[in-house]
>>> print(open('query_37.pdb').read())   # PDB, C-alpha atoms
ATOM      1  CA  MET A  18     -84.434  24.005   5.720
ATOM      2  CA  LYS A  19     -86.923  21.504   4.304
ATOM      3  CA  VAL A  20     -86.413  17.800   4.948
ATOM      4  CA  ARG A  21     -88.224  14.898   3.261
ATOM      5  CA  ILE A  22     -88.591  11.624   5.179
ATOM      6  CA  ARG A  23     -89.557   8.266   3.700
ATOM      7  CA  PHE A  24     -91.028   5.723   6.105
ATOM      8  CA  SER A  25     -92.799   2.377   6.164
ATOM      9  CA  LYS A  26     -96.001   1.417   7.951
ATOM     10  CA  TYR A  27     -96.698  -2.225   8.734
ATOM     11  CA  GLY A  28     -97.998  -4.805  11.182
ATOM     12  CA  ALA A  29    -100.644  -3.755  13.691
ATOM     13  CA  LEU A  30    -100.017  -0.064  12.973
ATOM     14  CA  ARG A  31    -101.634  -0.451   9.553
ATOM     15  CA  PHE A  32    -104.927  -0.057  11.426
ATOM     16  CA  ILE A  33    -103.941   3.392  12.726
ATOM     17  CA  GLY A  34    -105.505   6.270  10.788
ATOM     18  CA  HIS A  35    -103.718   9.202   9.182
ATOM     19  CA  LEU A  36    -104.476  11.739  11.930
ATOM     20  CA  ASP A  37    -103.034   9.428  14.574
ATOM     21  CA  VAL A  38     -99.919   8.897  12.452
ATOM     22  CA  MET A  39     -99.532  12.664  12.197
ATOM     23  CA  ARG A  40     -99.857  13.085  15.973
ATOM     24  CA  TYR A  41     -97.375  10.269  16.502
ATOM     25  CA  PHE A  42     -94.737  11.968  14.341
ATOM     26  CA  GLN A  43     -95.275  15.270  16.121
ATOM     27  CA  LYS A  44     -94.418  13.598  19.421
ATOM     28  CA  ALA A  45     -91.601  11.493  17.932
ATOM     29  CA  ILE A  46     -89.905  14.579  16.479
ATOM     30  CA  ARG A  47     -89.943  16.209  19.918
ATOM     31  CA  ARG A  48     -88.541  13.045  21.544
ATOM     32  CA  ALA A  49     -85.786  12.874  18.924
ATOM     33  CA  ASP A  50     -84.887  16.503  19.718
ATOM     34  CA  ILE A  51     -85.229  17.559  16.084
ATOM     35  CA  PRO A  52     -85.238  21.397  15.844
ATOM     36  CA  ILE A  53     -88.430  21.590  13.823
ATOM     37  CA  ALA A  54     -89.859  24.954  12.781
ATOM     38  CA  TYR A  55     -93.243  26.096  14.104
ATOM     39  CA  SER A  56     -95.896  28.238  12.513
ATOM     40  CA  GLU A  57     -96.597  31.702  13.878
ATOM     41  CA  GLY A  58     -99.756  33.012  15.509
ATOM     42  CA  PHE A  59    -101.817  32.228  18.607
ATOM     43  CA  SER A  60    -101.707  28.455  18.067
ATOM     44  CA  PRO A  61     -98.283  27.521  16.668
ATOM     45  CA  HIS A  62     -97.882  24.024  15.266
ATOM     46  CA  GLN A  63     -95.060  22.026  13.750
ATOM     47  CA  ILE A  64     -94.558  22.687  10.048
ATOM     48  CA  MET A  65     -95.015  19.328   8.340
ATOM     49  CA  SER A  66     -96.691  17.977   5.226
ATOM     50  CA  PHE A  67     -97.575  14.360   4.461
ATOM     51  CA  ALA A  68     -97.885  12.967   0.958
ATOM     52  CA  ALA A  69    -100.987  10.983  -0.063
ATOM     53  CA  PRO A  70    -102.508   9.564   3.169
ATOM     54  CA  LEU A  71    -102.603   5.776   3.350
ATOM     55  CA  SER A  72    -105.954   4.045   3.762
ATOM     56  CA  VAL A  73    -106.524   2.288   7.084
ATOM     57  CA  GLY A  74    -105.562  -1.372   6.866
ATOM     58  CA  HIS A  75    -103.006  -0.880   4.091
ATOM     59  CA  THR A  76     -99.266  -1.335   4.556
ATOM     60  CA  SER A  77     -96.561   0.666   2.849
ATOM     61  CA  GLU A  78     -92.868   1.199   2.246
ATOM     62  CA  GLY A  79     -93.498   4.399   0.287
ATOM     63  CA  GLU A  80     -94.838   6.931   2.798
ATOM     64  CA  TYR A  81     -93.442  10.472   2.827
ATOM     65  CA  LEU A  82     -93.365  13.362   5.255
ATOM     66  CA  ASP A  83     -91.868  16.846   4.838
ATOM     67  CA  ILE A  84     -90.751  18.933   7.792
ATOM     68  CA  GLU A  85     -88.944  22.241   8.185
ATOM     69  CA  ILE A  86     -86.061  22.447  10.616
ATOM     70  CA  VAL A  87     -84.232  25.354  12.191
ATOM     71  CA  SER A  88     -80.710  24.019  11.973
ATOM     72  CA  GLU A  89     -77.671  25.264  13.833
ATOM     73  CA  PRO A  90     -74.458  23.455  12.810
ATOM     74  CA  ALA A  91     -73.124  23.431  16.369
ATOM     75  CA  SER A  92     -76.152  21.605  17.739
ATOM     76  CA  PHE A  93     -77.521  19.742  14.740
ATOM     77  CA  PRO A  94     -75.121  18.622  11.991
ATOM     78  CA  GLU A  95     -76.780  18.839   8.594
ATOM     79  CA  GLU A  96     -76.225  15.193   7.756
ATOM     80  CA  LYS A  97     -79.171  13.105   6.695
ATOM     81  CA  GLU A  98     -77.852   9.938   8.356
ATOM     82  CA  VAL A  99     -77.720  11.730  11.708
ATOM     83  CA  LEU A 100     -81.332  12.823  11.375
ATOM     84  CA  LYS A 101     -82.379   9.382  10.157
ATOM     85  CA  GLU A 102     -80.755   7.658  13.143
ATOM     86  CA  ARG A 103     -82.304  10.099  15.611
ATOM     87  CA  LEU A 104     -85.785   9.517  14.244
ATOM     88  CA  GLN A 105     -85.401   5.755  13.915
ATOM     89  CA  GLY A 106     -84.244   5.656  17.523
ATOM     90  CA  VAL A 107     -87.657   6.817  18.753
ATOM     91  CA  MET A 108     -89.840   4.818  16.349
ATOM     92  CA  VAL A 109     -92.169   2.094  17.615
ATOM     93  CA  GLU A 110     -92.599  -1.271  15.919
ATOM     94  CA  GLY A 111     -94.766  -0.718  12.875
ATOM     95  CA  ILE A 112     -93.054   2.426  11.577
ATOM     96  CA  SER A 113     -89.486   2.547  10.241
ATOM     97  CA  ILE A 114     -87.507   5.449   8.788
ATOM     98  CA  LEU A 115     -86.183   4.358   5.386
ATOM     99  CA  ASP A 116     -84.586   7.479   3.921
ATOM    100  CA  VAL A 117     -84.048  11.196   4.479
ATOM    101  CA  GLN A 118     -83.299  13.969   1.990
ATOM    102  CA  PHE A 119     -82.581  17.668   2.425
ATOM    103  CA  LEU A 120     -84.666  19.447  -0.205
ATOM    104  CA  PRO A 121     -83.348  22.160  -2.510
ATOM    105  CA  PRO A 122     -84.924  25.634  -2.350
ATOM    106  CA  GLY A 123     -88.171  25.902  -4.257
ATOM    107  CA  GLU A 124     -89.064  22.207  -4.057
ATOM    108  CA  LYS A 125     -92.829  21.673  -3.705
ATOM    109  CA  ASN A 126     -94.017  19.967  -0.542
ATOM    110  CA  ALA A 127     -94.807  16.260  -0.503
ATOM    111  CA  MET A 128     -98.579  16.628  -0.751
ATOM    112  CA  ALA A 129     -98.415  18.961  -3.760
ATOM    113  CA  SER A 130     -95.802  16.799  -5.504
ATOM    114  CA  VAL A 131     -97.662  13.477  -5.609
ATOM    115  CA  ALA A 132     -98.493  12.286  -9.135
ATOM    116  CA  ALA A 133     -98.699   8.487  -8.906
ATOM    117  CA  ALA A 134     -98.365   5.526  -6.560
ATOM    118  CA  ALA A 135     -97.388   1.878  -7.070
ATOM    119  CA  TYR A 136     -99.130  -0.954  -5.227
ATOM    120  CA  LEU A 137     -99.037  -4.699  -4.822
ATOM    121  CA  VAL A 138    -102.463  -6.114  -4.016
ATOM    122  CA  PHE A 139    -103.016  -9.615  -2.674
ATOM    123  CA  PHE A 140    -106.161 -11.656  -2.089
ATOM    124  CA  ARG A 141    -107.052 -13.513   1.063
ATOM    125  CA  GLN A 142    -107.824 -17.216   0.872
ATOM    126  CA  SER A 143    -111.448 -16.340   1.570
ATOM    127  CA  ALA A 144    -111.743 -14.381  -1.698
ATOM    128  CA  SER A 145    -113.941 -16.102  -4.272
ATOM    129  CA  LEU A 146    -112.019 -15.506  -7.497
ATOM    130  CA  PRO A 147    -113.414 -16.655 -10.850
ATOM    131  CA  GLN A 148    -111.354 -19.137 -12.814
ATOM    132  CA  GLY A 149    -108.939 -17.511 -15.244
ATOM    133  CA  TRP A 150    -109.153 -14.099 -13.568
ATOM    134  CA  GLN A 151    -105.495 -13.419 -14.344
ATOM    135  CA  GLU A 152    -106.003 -13.543 -18.115
ATOM    136  CA  LYS A 153    -109.262 -11.608 -17.822
ATOM    137  CA  LEU A 154    -107.500  -8.851 -15.891
ATOM    138  CA  ALA A 155    -104.968  -8.502 -18.697
ATOM    139  CA  ALA A 156    -107.839  -8.212 -21.195
ATOM    140  CA  PHE A 157    -109.504  -5.596 -18.947
ATOM    141  CA  TYR A 158    -106.369  -3.452 -18.987
ATOM    142  CA  GLY A 159    -105.978  -3.992 -22.715
ATOM    143  CA  ARG A 160    -109.184  -2.083 -23.482
ATOM    144  CA  GLU A 161    -108.851   1.288 -25.171
ATOM    145  CA  GLU A 162    -111.376   2.785 -22.750
ATOM    146  CA  ILE A 163    -112.769   1.713 -19.370
ATOM    147  CA  PRO A 164    -115.797   3.938 -18.664
ATOM    148  CA  VAL A 165    -116.798   3.865 -14.987
ATOM    149  CA  THR A 166    -118.683   5.998 -12.485
ATOM    150  CA  LYS A 167    -116.505   7.482  -9.751
ATOM    151  CA  LYS A 168    -118.338   8.600  -6.632
ATOM    152  CA  THR A 169    -117.108  11.389  -4.388
ATOM    153  CA  LYS A 170    -118.468  12.713  -1.103
ATOM    154  CA  LYS A 171    -120.594  15.295  -2.909
ATOM    155  CA  SER A 172    -121.293  13.845  -6.347
ATOM    156  CA  GLU A 173    -120.432  11.252  -8.941
ATOM    157  CA  LYS A 174    -118.988  11.526 -12.426
ATOM    158  CA  GLN A 175    -118.140   9.423 -15.435
ATOM    159  CA  ILE A 176    -114.431   8.887 -16.083
ATOM    160  CA  ASN A 177    -112.252   6.814 -18.360
ATOM    161  CA  LEU A 178    -110.457   4.657 -15.799
ATOM    162  CA  LYS A 179    -107.869   3.596 -18.380
ATOM    163  CA  GLU A 180    -106.370   7.114 -18.291
ATOM    164  CA  SER A 181    -105.602   6.739 -14.576
ATOM    165  CA  ILE A 182    -104.033   3.264 -14.768
ATOM    166  CA  TYR A 183    -100.425   3.618 -15.896
ATOM    167  CA  GLN A 184     -99.574  -0.051 -15.397
ATOM    168  CA  LEU A 185    -101.567  -3.124 -14.374
ATOM    169  CA  GLU A 186    -100.349  -6.713 -14.343
ATOM    170  CA  VAL A 187    -100.578  -9.992 -12.484
ATOM    171  CA  ARG A 188     -97.364 -11.037 -10.765
ATOM    172  CA  LYS A 189     -97.075 -14.771 -10.249
ATOM    173  CA  ASN A 190     -95.933 -15.908  -6.790
ATOM    174  CA  ALA A 191     -95.495 -12.243  -5.859
ATOM    175  CA  PHE A 192     -96.110 -12.781  -2.170
ATOM    176  CA  LYS A 193     -93.529 -15.541  -1.839
ATOM    177  CA  ASP A 194     -91.005 -13.500  -3.814
ATOM    178  CA  SER A 195     -91.670 -10.267  -1.934
ATOM    179  CA  SER A 196     -89.399  -8.793   0.694
ATOM    180  CA  PHE A 197     -92.096  -8.056   3.277
ATOM    181  CA  GLY A 198     -94.358 -11.076   3.950
ATOM    182  CA  ASP A 199     -94.965 -11.552   7.659
ATOM    183  CA  THR A 200     -93.211  -8.266   8.497
ATOM    184  CA  PHE A 201     -95.918  -6.126   6.909
ATOM    185  CA  PHE A 202     -99.089  -8.182   7.176
ATOM    186  CA  GLY A 203     -98.410 -10.505  10.105
ATOM    187  CA  ASP A 204    -100.940 -13.052   8.826
ATOM    188  CA  SER A 205     -99.425 -14.109   5.502
ATOM    189  CA  GLN A 206    -100.651 -17.712   5.732
ATOM    190  CA  ASP A 207    -104.058 -16.378   4.711
ATOM    191  CA  VAL A 208    -102.734 -14.816   1.472
ATOM    192  CA  LEU A 209    -102.843 -16.201  -2.082
ATOM    193  CA  GLU A 210     -99.460 -16.222  -3.823
ATOM    194  CA  ASP A 211    -100.344 -14.288  -6.998
ATOM    195  CA  GLY A 212    -100.568 -10.524  -6.650
ATOM    196  CA  VAL A 213    -101.635  -7.582  -8.791
ATOM    197  CA  TYR A 214     -99.165  -4.765  -9.465
ATOM    198  CA  MET A 215    -100.666  -1.342 -10.153
ATOM    199  CA  LEU A 216     -99.214   2.039 -10.986
ATOM    200  CA  LEU A 217    -102.054   4.526 -10.564
ATOM    201  CA  ASN A 218    -102.799   8.214 -10.736
ATOM    202  CA  ALA A 219    -102.512   9.538  -7.171
ATOM    203  CA  SER A 220    -102.652  13.275  -7.873
ATOM    204  CA  SER A 221    -105.082  15.506  -6.026
ATOM    205  CA  GLY A 222    -107.163  15.928  -9.170
ATOM    206  CA  GLY A 223    -107.443  12.266 -10.161
ATOM    207  CA  ASN A 224    -106.612  10.023  -7.244
ATOM    208  CA  ILE A 225    -107.567   6.385  -7.898
ATOM    209  CA  LYS A 226    -107.538   3.676  -5.208
ATOM    210  CA  PRO A 227    -106.371   0.125  -6.023
ATOM    211  CA  ALA A 228    -109.527  -1.375  -4.502
ATOM    212  CA  PHE A 229    -111.625   0.736  -6.874
ATOM    213  CA  VAL A 230    -109.736  -0.622  -9.893
ATOM    214  CA  LEU A 231    -110.321  -4.222  -8.826
ATOM    215  CA  GLU A 232    -113.932  -3.520  -7.945
ATOM    216  CA  CYS A 233    -114.515  -2.188 -11.477
ATOM    217  CA  PHE A 234    -112.733  -5.194 -12.969
ATOM    218  CA  PHE A 235    -114.750  -7.779 -11.064
ATOM    219  CA  ASN A 236    -117.967  -5.920 -11.864
ATOM    220  CA  THR A 237    -117.279  -6.588 -15.555
ATOM    221  CA  LEU A 238    -117.205 -10.304 -14.696
ATOM    222  CA  GLY A 239    -120.491 -10.116 -12.816
ATOM    223  CA  CYS A 240    -118.717 -10.696  -9.498
ATOM    224  CA  GLU A 241    -118.868  -8.679  -6.303
ATOM    225  CA  LEU A 242    -115.539  -8.029  -4.627
ATOM    226  CA  MET A 243    -115.394  -7.667  -0.853
ATOM    227  CA  THR A 244    -112.705  -5.117  -0.009
ATOM    228  CA  SER A 245    -112.033  -7.070   3.198
ATOM    229  CA  ALA A 246    -110.612  -9.806   0.950
ATOM    230  CA  LEU A 247    -107.824  -7.488  -0.237
ATOM    231  CA  MET A 248    -104.410  -6.862   1.296
ATOM    232  CA  VAL A 249    -102.902  -3.710  -0.184
ATOM    233  CA  HIS A 250     -99.238  -2.742   0.024
ATOM    234  CA  ARG A 251     -97.964   0.593  -1.308
ATOM    235  CA  LEU A 252     -94.534   0.177  -2.857
ATOM    236  CA  GLN A 253     -93.678   3.751  -3.800
ATOM    237  CA  THR A 254     -95.053   7.254  -4.276
ATOM    238  CA  TYR A 255     -93.972   9.289  -7.301
ATOM    239  CA  LYS A 256     -93.704  12.837  -8.610
ATOM    240  CA  ARG A 257     -93.197  14.075 -12.176
ATOM    241  CA  ILE A 258     -90.079  15.851 -13.407
ATOM    242  CA  GLY A 259     -88.907  17.382 -16.654
ATOM    243  CA  ASN A 260     -90.766  18.442 -19.745
ATOM    244  CA  GLU A 261     -91.875  14.871 -20.462
ATOM    245  CA  GLY A 262     -93.249  14.336 -16.968
ATOM    246  CA  GLU A 263     -91.067  11.350 -16.053
ATOM    247  CA  LEU A 264     -92.205   9.587 -12.854
ATOM    248  CA  VAL A 265     -89.562   9.384 -10.106
ATOM    249  CA  PRO A 266     -89.843   8.642  -6.356
ATOM    250  CA  LEU A 267     -90.478  11.595  -4.038
ATOM    251  CA  ILE A 268     -86.938  11.099  -2.742
ATOM    252  CA  TRP A 269     -84.860  11.102  -5.897
ATOM    253  CA  GLU A 270     -81.411  12.276  -6.842
ATOM    254  CA  LYS A 271     -79.964  12.587 -10.348
TER     255      LYS A 271
END
>>> encode(input="query_37.pdb", output="structure tokens")
Amino acid sequence: MKVRIRFSKYGALRFIGHLDVMRYFQKAIRRADIPIAYSEGFSPHQIMSFAAPLSVGHTSEGEYLDIEIVSEPASFPEEKEVLKERLQGVMVEGISILDVQFLPPGEKNAMASVAAAAYLVFFRQSASLPQGWQEKLAAFYGREEIPVTKKTKKSEKQINLKESIYQLEVRKNAFKDSSFGDTFFGDSQDVLEDGVYMLLNASSGGNIKPAFVLECFFNTLGCELMTSALMVHRLQTYKRIGNEGELVPLIWEK
């Protein structure tokens, strides 16, 4: 049986990389006595699949992990709250289990399902922001096309960034009005109140990072943006459903 787990990552653990998070969950699942399935062969490993890996330094309340379990009703009741409580009971500060869903047969794994991700991005006090940047960002998103050069490990190519930005807006006093604050960042006194909300393409074929969007924006203003001045929080990760490709969270029920 396939199980999808939604979790948050915050505080000091935002500086832990994806491979370490994966190793942590492997050990946590054993400690929680979850009957996870293993691959076959000479070097069996736990069957698990993470959605889009989170960049080091970012926080999130929209991380997803799929596992396969070998469930026996007598020893492991098939109730998502039971599994959620078992996992949460072995979590360390910095990772919390937010939701659990038993997946129907034929559901694609988390990594293959990702289509988009929503972020809130904040600026540190040290960021040198040009006057009126909020209105200029709206004008940037209002363009019909945003031609940019996207570099990869092996090459670079020209893309229309506008096609990968599904929503972009300034949210006034977003940090003060948010539900995370000190819990996620731990150093919120250094953060400007206004934030930038983004809904971006996060698919394997067109993944766009929030820092890249802001870097392109500030380049149009003749400004250089230091990524160290950004504090990025992932709100949710989405998949597409139906003929019209509606975006819904990776854990979603009709």
>>> resolve_selection(input="query_37.pdb", expression="the PyMOL selection byres ((chain A and resi 109) around 12)", output="PyMOL selection string")
chain A and resi 25-30+38+41-42+44-45+104-108+110-114
>>> residues_around(input="query_37.pdb", residues="region 120-123 of chain A", least_positions_apart="3", cutoff="12 Å", atoms="all atoms listed in the file", output="PDB file with C-alpha atoms, in the coordinates of the input")
ATOM      1  CA  MET A  18     -84.434  24.005   5.720  1.00  0.00           C
ATOM      2  CA  LYS A  19     -86.923  21.504   4.304  1.00  0.00           C
ATOM      3  CA  VAL A  20     -86.413  17.800   4.948  1.00  0.00           C
ATOM      4  CA  ARG A  21     -88.224  14.898   3.261  1.00  0.00           C
ATOM      5  CA  ILE A  22     -88.591  11.624   5.179  1.00  0.00           C
ATOM      6  CA  LEU A  82     -93.365  13.362   5.255  1.00  0.00           C
ATOM      7  CA  ASP A  83     -91.868  16.846   4.838  1.00  0.00           C
ATOM      8  CA  ILE A  84     -90.751  18.933   7.792  1.00  0.00           C
ATOM      9  CA  GLU A  85     -88.944  22.241   8.185  1.00  0.00           C
ATOM     10  CA  ILE A  86     -86.061  22.447  10.616  1.00  0.00           C
ATOM     11  CA  GLU A  95     -76.780  18.839   8.594  1.00  0.00           C
ATOM     12  CA  LYS A  97     -79.171  13.105   6.695  1.00  0.00           C
ATOM     13  CA  VAL A 117     -84.048  11.196   4.479  1.00  0.00           C
ATOM     14  CA  ASN A 126     -94.017  19.967  -0.542  1.00  0.00           C
ATOM     15  CA  ALA A 127     -94.807  16.260  -0.503  1.00  0.00           C
ATOM     16  CA  SER A 130     -95.802  16.799  -5.504  1.00  0.00           C
ATOM     17  CA  LEU A 267     -90.478  11.595  -4.038  1.00  0.00           C
ATOM     18  CA  ILE A 268     -86.938  11.099  -2.742  1.00  0.00           C
ATOM     19  CA  TRP A 269     -84.860  11.102  -5.897  1.00  0.00           C
ATOM     20  CA  GLU A 270     -81.411  12.276  -6.842  1.00  0.00           C
TER      21      GLU A 270
END
>>> resolve_selection(input="query_37.pdb", expression="the PyMOL selection byres ((chain A and resi 224) around 12)", output="PyMOL selection string")
chain A and resi 69-70+131-134+167-169+176+178+180-182+216-223+225-227+229-230
>>> residues_near_point(input="query_37.pdb", point="(-107.9, -14.3, -13.5)", cutoff="12 Å", atoms="all atoms listed in the file", output="number ranges by chain")
A: 140, 145-157, 186-189, 211-213, 231, 234-235, 238
>>> atom_distance(input="query_37.pdb", atom1="CA of Val249 (chain A)", atom2="CA of Lys179 (chain A)")
20.2 Å
>>> atom_distance(input="query_37.pdb", atom1="CA of Pro266 (chain A)", atom2="CA of Gln118 (chain A)")
11.9 Å
>>> atom_distance(input="query_37.pdb", atom1="CA of Arg31 (chain A)", atom2="CA of His75 (chain A)")
5.6 Å
>>> resolve_selection(input="query_37.pdb", expression="the PyMOL selection byres ((chain A and resi 247) around 9)", output="number ranges by chain")
A: 138-141, 144, 228, 242-246, 248-249
>>> closest_residue(input="query_37.pdb", among="A:Arg160, A:Arg251, A:Lys174, A:Arg23", to="Tyr81 (chain A)", atoms="all atoms listed in the file")
A:Arg23
>>> closest_residue(input="query_37.pdb", among="A:Met65, A:Leu252, A:Tyr136, A:Lys170", to="Tyr214 (chain A)", atoms="all atoms listed in the file")
A:Tyr136
>>> residues_near_point(input="query_37.pdb", point="(-86.5, 22.7, 13.4)", cutoff="6 Å", atoms="only C-alpha atoms", output="list in words")
Ile51, Pro52, Ile53, Ala54, Glu85, Ile86 and Val87 of chain A
